[in-house]
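**Student:** A single structure is presented below for examination.
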Amino acid sequence: MFTGIITHTAKLFSVKQGVFVMQTDPKFVSKTKIGDSIAVNGVCLTVEKKTKDKLSFSAVPETLKRSNLGDVIIGEELNLDMSLTMQTFLSGHLVQGHVDGIGEIKEIKKQGNSREIEISVEKDTMRFLVEKGSIALNGISLTIAKLKSKSFVIAVIPHTWQNTNLKNIKLGDKINIEIDVVAKYIKKFLK
């Protein structure tokens, strides 16, 4: 489990046969150990190797198919979120690191000191979303500001914009979506 509060980002250093090597702050790397779960753009991956400033993870074909990790390029910035401990302050929402779908960036608008981002999604994803409900985008815990028929809008505060890879998104980009786990269970029980 994760909080969706992004404390660090990493640059994709290399990728070969599903092995992703990411370069990040040595302080972040020093807090990790082999076998730890780290959410990378919202995808729960396991640390397999580490050096002073690099972490290595393997992503299986299913992960690459269901997330935007298969499309990342060398040098691209990725969000990192360490897994929860019993001592972790939960300031986001409970995030599992399981990508439920891919959205597409439809619009980015500057609104005062913030940004509004509209994301189009499949019908299967839309049925789980509620206005003012939680959602994770590329692993970032966010709140849905508005719902439309085939899309939703989030409002991004300056801190989140500056300290995550949202600042690099462009129209048409793909973004990982994790639906709030509570919404998924409620939907299942109501069937």
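Identifiers for the structure tokens are assigned positionally: chains receive A, B, ... in sequence, residues are indexed from 1 per chain, and ligands are indexed from 1 in the order shown.
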List every residue of chain A that DSSP, applied to the backbone, labels as alpha helix (DSSP H), and write the result as number ranges by chain.

**Tutor:** A: 26-30, 61-66, 123-126, 158-163, 181-190

**Student:** I'd like the contact shell of segment 131-141 of chain A - 9 Å cut-off, only C-alpha atoms, skipping same-chain residues fewer than 3 positions apart - returned as a PyMOL selection string.

**Tutor:** chain A and resi 2-6+39-43+68+78-81+92-95+97+99+103+144-147+152+160+164-166+175-180+183

**Student:** Deliver the residues from the most recent selection as a file, using N, CA and C atoms, as a JSON list (two decimals), in the first residue's frame.

**Tutor:**
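Just written: part33.json:
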[["chain", "number", "residue", "atom", "x", "y", "z"],
["A", 2, "PHE", "N", 0.35, 2.32, -0.58],
["A", 2, "PHE", "CA", 1.06, 3.58, -0.70],
["A", 2, "PHE", "C", 0.11, 4.72, -0.30],
["A", 3, "THR", "N", 0.66, 5.92, -0.20],
["A", 3, "THR", "CA", -0.18, 7.07, 0.15],
["A", 3, "THR", "C", -0.56, 7.92, -1.05],
["A", 4, "GLY", "N", 0.19, 7.81, -2.14],
["A", 4, "GLY", "CA", -0.05, 8.68, -3.28],
["A", 4, "GLY", "C", 0.59, 10.05, -3.10],
["A", 5, "ILE", "N", 1.40, 10.22, -2.06],
["A", 5, "ILE", "CA", 2.13, 11.46, -1.85],
["A", 5, "ILE", "C", 3.54, 11.24, -2.41],
["A", 6, "ILE", "N", 3.84, 11.92, -3.48],
["A", 6, "ILE", "CA", 5.11, 11.73, -4.18],
["A", 6, "ILE", "C", 6.19, 12.54, -3.49],
["A", 39, "ALA", "N", 6.20, 2.38, -5.63],
["A", 39, "ALA", "CA", 5.27, 2.71, -6.71],
["A", 39, "ALA", "C", 6.00, 3.63, -7.68],
["A", 40, "VAL", "N", 6.09, 3.20, -8.92],
["A", 40, "VAL", "CA", 6.76, 3.96, -9.99],
["A", 40, "VAL", "C", 5.66, 4.38, -10.96],
["A", 41, "ASN", "N", 5.36, 5.67, -11.00],
["A", 41, "ASN", "CA", 4.23, 6.17, -11.78],
["A", 41, "ASN", "C", 2.94, 5.44, -11.40],
["A", 42, "GLY", "N", 2.86, 5.06, -10.12],
["A", 42, "GLY", "CA", 1.66, 4.40, -9.62],
["A", 42, "GLY", "C", 1.65, 2.90, -9.80],
["A", 43, "VAL", "N", 2.72, 2.32, -10.33],
["A", 43, "VAL", "CA", 2.80, 0.88, -10.54],
["A", 43, "VAL", "C", 3.69, 0.28, -9.45],
["A", 68, "ASN", "N", 1.44, 2.97, -18.43],
["A", 68, "ASN", "CA", 2.20, 3.78, -19.38],
["A", 68, "ASN", "C", 3.70, 3.50, -19.31],
["A", 78, "LEU", "N", 9.81, 10.04, -13.70],
["A", 78, "LEU", "CA", 8.80, 9.13, -13.16],
["A", 78, "LEU", "C", 8.59, 9.43, -11.67],
["A", 79, "ASN", "N", 7.35, 9.30, -11.21],
["A", 79, "ASN", "CA", 7.03, 9.52, -9.80],
["A", 79, "ASN", "C", 7.40, 8.31, -8.96],
["A", 80, "LEU", "N", 7.90, 8.56, -7.74],
["A", 80, "LEU", "CA", 8.24, 7.49, -6.81],
["A", 80, "LEU", "C", 7.47, 7.68, -5.51],
["A", 81, "ASP", "N", 6.96, 6.58, -4.95],
["A", 81, "ASP", "CA", 6.23, 6.59, -3.69],
["A", 81, "ASP", "C", 6.64, 5.33, -2.93],
["A", 92, "GLY", "N", -2.40, 11.19, 1.98],
["A", 92, "GLY", "CA", -3.07, 11.07, 0.69],
["A", 92, "GLY", "C", -4.30, 10.20, 0.87],
["A", 93, "HIS", "N", -4.39, 9.13, 0.11],
["A", 93, "HIS", "CA", -5.41, 8.11, 0.33],
["A", 93, "HIS", "C", -4.75, 6.75, 0.10],
["A", 94, "LEU", "N", -5.41, 5.68, 0.45],
["A", 94, "LEU", "CA", -4.80, 4.37, 0.27],
["A", 94, "LEU", "C", -4.72, 4.03, -1.21],
["A", 95, "VAL", "N", -3.49, 3.82, -1.66],
["A", 95, "VAL", "CA", -3.20, 3.52, -3.06],
["A", 95, "VAL", "C", -2.52, 2.16, -3.09],
["A", 97, "GLY", "N", -1.10, 0.62, -5.93],
["A", 97, "GLY", "CA", -0.06, 0.42, -6.93],
["A", 97, "GLY", "C", -0.52, -0.51, -8.05],
["A", 99, "VAL", "N", -2.66, -0.49, -11.46],
["A", 99, "VAL", "CA", -3.23, 0.39, -12.48],
["A", 99, "VAL", "C", -4.53, -0.22, -13.01],
["A", 103, "GLY", "N", -5.65, 6.77, -18.91],
["A", 103, "GLY", "CA", -6.40, 7.93, -19.38],
["A", 103, "GLY", "C", -5.56, 8.71, -20.37],
["A", 144, "ILE", "N", -11.06, 14.33, -7.55],
["A", 144, "ILE", "CA", -11.80, 14.64, -8.77],
["A", 144, "ILE", "C", -12.61, 15.91, -8.53],
["A", 145, "ALA", "N", -12.34, 16.93, -9.34],
["A", 145, "ALA", "CA", -13.03, 18.22, -9.19],
["A", 145, "ALA", "C", -14.36, 18.23, -9.94],
["A", 146, "LYS", "N", -14.37, 17.63, -11.15],
["A", 146, "LYS", "CA", -15.59, 17.64, -11.97],
["A", 146, "LYS", "C", -15.67, 16.34, -12.75],
["A", 147, "LEU", "N", -16.89, 15.89, -12.98],
["A", 147, "LEU", "CA", -17.13, 14.74, -13.85],
["A", 147, "LEU", "C", -17.85, 15.21, -15.11],
["A", 152, "PHE", "N", -12.95, 13.38, -16.75],
["A", 152, "PHE", "CA", -13.02, 14.03, -15.45],
["A", 152, "PHE", "C", -11.93, 15.07, -15.36],
["A", 160, "THR", "N", 2.18, 20.16, -5.94],
["A", 160, "THR", "CA", 2.07, 18.89, -6.66],
["A", 160, "THR", "C", 2.55, 19.07, -8.11],
["A", 164, "THR", "N", 6.08, 16.71, -9.07],
["A", 164, "THR", "CA", 5.73, 15.43, -9.70],
["A", 164, "THR", "C", 5.95, 15.55, -11.20],
["A", 165, "ASN", "N", 5.75, 14.46, -11.91],
["A", 165, "ASN", "CA", 5.93, 14.52, -13.36],
["A", 165, "ASN", "C", 4.72, 15.12, -14.09],
["A", 166, "LEU", "N", 3.71, 15.60, -13.36],
["A", 166, "LEU", "CA", 2.59, 16.27, -14.03],
["A", 166, "LEU", "C", 3.05, 17.49, -14.80],
["A", 175, "ILE", "N", -1.80, 8.48, -19.15],
["A", 175, "ILE", "CA", -1.55, 8.59, -17.71],
["A", 175, "ILE", "C", -2.17, 7.38, -17.00],
["A", 176, "ASN", "N", -1.43, 6.83, -16.04],
["A", 176, "ASN", "CA", -1.92, 5.67, -15.28],
["A", 176, "ASN", "C", -3.02, 6.11, -14.31],
["A", 177, "ILE", "N", -4.08, 5.32, -14.24],
["A", 177, "ILE", "CA", -5.20, 5.62, -13.35],
["A", 177, "ILE", "C", -5.41, 4.45, -12.40],
["A", 178, "GLU", "N", -5.47, 4.77, -11.11],
["A", 178, "GLU", "CA", -5.89, 3.79, -10.12],
["A", 178, "GLU", "C", -7.13, 4.33, -9.43],
["A", 179, "ILE", "N", -8.20, 3.58, -9.56],
["A", 179, "ILE", "CA", -9.48, 3.94, -8.93],
["A", 179, "ILE", "C", -9.37, 3.72, -7.43],
["A", 180, "ASP", "N", -10.05, 4.53, -6.67],
["A", 180, "ASP", "CA", -10.07, 4.38, -5.21],
["A", 180, "ASP", "C", -10.55, 2.97, -4.86],
["A", 183, "ALA", "N", -14.15, 2.45, -3.73],
["A", 183, "ALA", "CA", -15.15, 2.47, -4.81],
["A", 183, "ALA", "C", -15.24, 1.11, -5.50]]

**Student:** Report as JSON, numbers by chain all protein, DNA and RNA residues lying within 12 Å of Ser30 of chain A, evaluated on only C-alpha atoms, omitting residues in the same chain fewer than 6 positions from it.

**Tutor:** {"A": [24, 36, 50, 51, 52, 53, 54, 55]}

**Student:** I need the residues of segment 14-171 of chain A that end up classed as strand (DSSP E) by DSSP on the backbone, written out as a count of residues only.

**Tutor:** 65

**Student:** Rank A:Leu142, A:Val130, A:Ile169, A:Met82 by their smallest atom-to-atom distance to Lys109 of chain A, using only C-alpha atoms, and report the top residue only.

**Tutor:** A:Ile169

**Student:** Which residue out of A:Ile74, A:Ile119, A:Met1, A:Leu90 has the minimum interatomic distance to Cys44 of chain A when only C-alpha atoms are used?

**Tutor:** A:Met1

**Student:** Rank nothing, just name the residue among A:Asp124, A:Asp25, A:Asp71, A:Asp173 nearest to Asp100 of chain A, using only C-alpha atoms.

**Tutor:**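 Using only C-alpha atoms, the shortest distance to Asp100 of chain A belongs to A:Asp124.
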
**Student:** If you measure from atom CA of His8 of chain A to atom CA of Thr32 of chain A, what distance in Å do you get, rounded to one decimal?

**Tutor:**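 Answer for the atom CA of His8 of chain A to atom CA of Thr32 of chain A separation: 12.7 Å.
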
**Student:** Excluding Leu45 of chain A and any residue of its chain fewer than 6 positions from it, enumerate the residues within 10 Å of it, using only C-alpha atoms, and give them as a compact mmCIF listing (two decimals) with N, CA and C atoms, in the first residue's frame.

**Tutor:**
# COMPACT_ATOMS: atom_id res chain seq x y z
N GLY A 35 14.08 -5.92 -2.50
CA GLY A 35 12.81 -6.54 -2.15
C GLY A 35 11.73 -5.56 -1.75
N ASP A 36 12.09 -4.28 -1.54
CA ASP A 36 11.07 -3.27 -1.19
C ASP A 36 10.13 -3.02 -2.37
N SER A 37 8.89 -2.69 -2.04
CA SER A 37 7.92 -2.26 -3.05
C SER A 37 7.97 -0.74 -3.15
N ILE A 38 8.10 -0.26 -4.38
CA ILE A 38 8.08 1.17 -4.67
C ILE A 38 7.05 1.38 -5.78
N ALA A 39 6.20 2.38 -5.63
CA ALA A 39 5.27 2.71 -6.71
C ALA A 39 6.00 3.63 -7.68
N SER A 56 16.85 -0.59 -9.69
CA SER A 56 16.46 -1.45 -10.82
C SER A 56 15.20 -2.23 -10.45
N PHE A 57 14.29 -2.31 -11.42
CA PHE A 57 13.02 -3.01 -11.26
C PHE A 57 12.75 -3.82 -12.52
N SER A 58 12.03 -4.91 -12.41
CA SER A 58 11.56 -5.64 -13.59
C SER A 58 10.07 -5.40 -13.74
N ALA A 59 9.64 -5.22 -14.98
CA ALA A 59 8.22 -5.10 -15.28
C ALA A 59 7.87 -6.19 -16.29
N VAL A 60 6.87 -6.99 -15.95
CA VAL A 60 6.44 -8.08 -16.83
C VAL A 60 5.58 -7.52 -17.97
N THR A 63 2.29 -5.84 -17.06
CA THR A 63 2.44 -4.50 -16.47
C THR A 63 2.67 -3.47 -17.57
N GLY A 97 -1.10 0.62 -5.93
CA GLY A 97 -0.06 0.42 -6.93
C GLY A 97 -0.52 -0.51 -8.05
N HIS A 98 -1.84 -0.63 -8.22
CA HIS A 98 -2.43 -1.46 -9.27
C HIS A 98 -3.14 -0.54 -10.26

**Student:** May I ask which of the residues A:Gln17, A:Asn113, A:Gln87, A:Thr46 is the closest one to His159 of chain A, counting only C-alpha atoms?

**Tutor:**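 Result for the nearest residue to His159 of chain A: A:Asn113.
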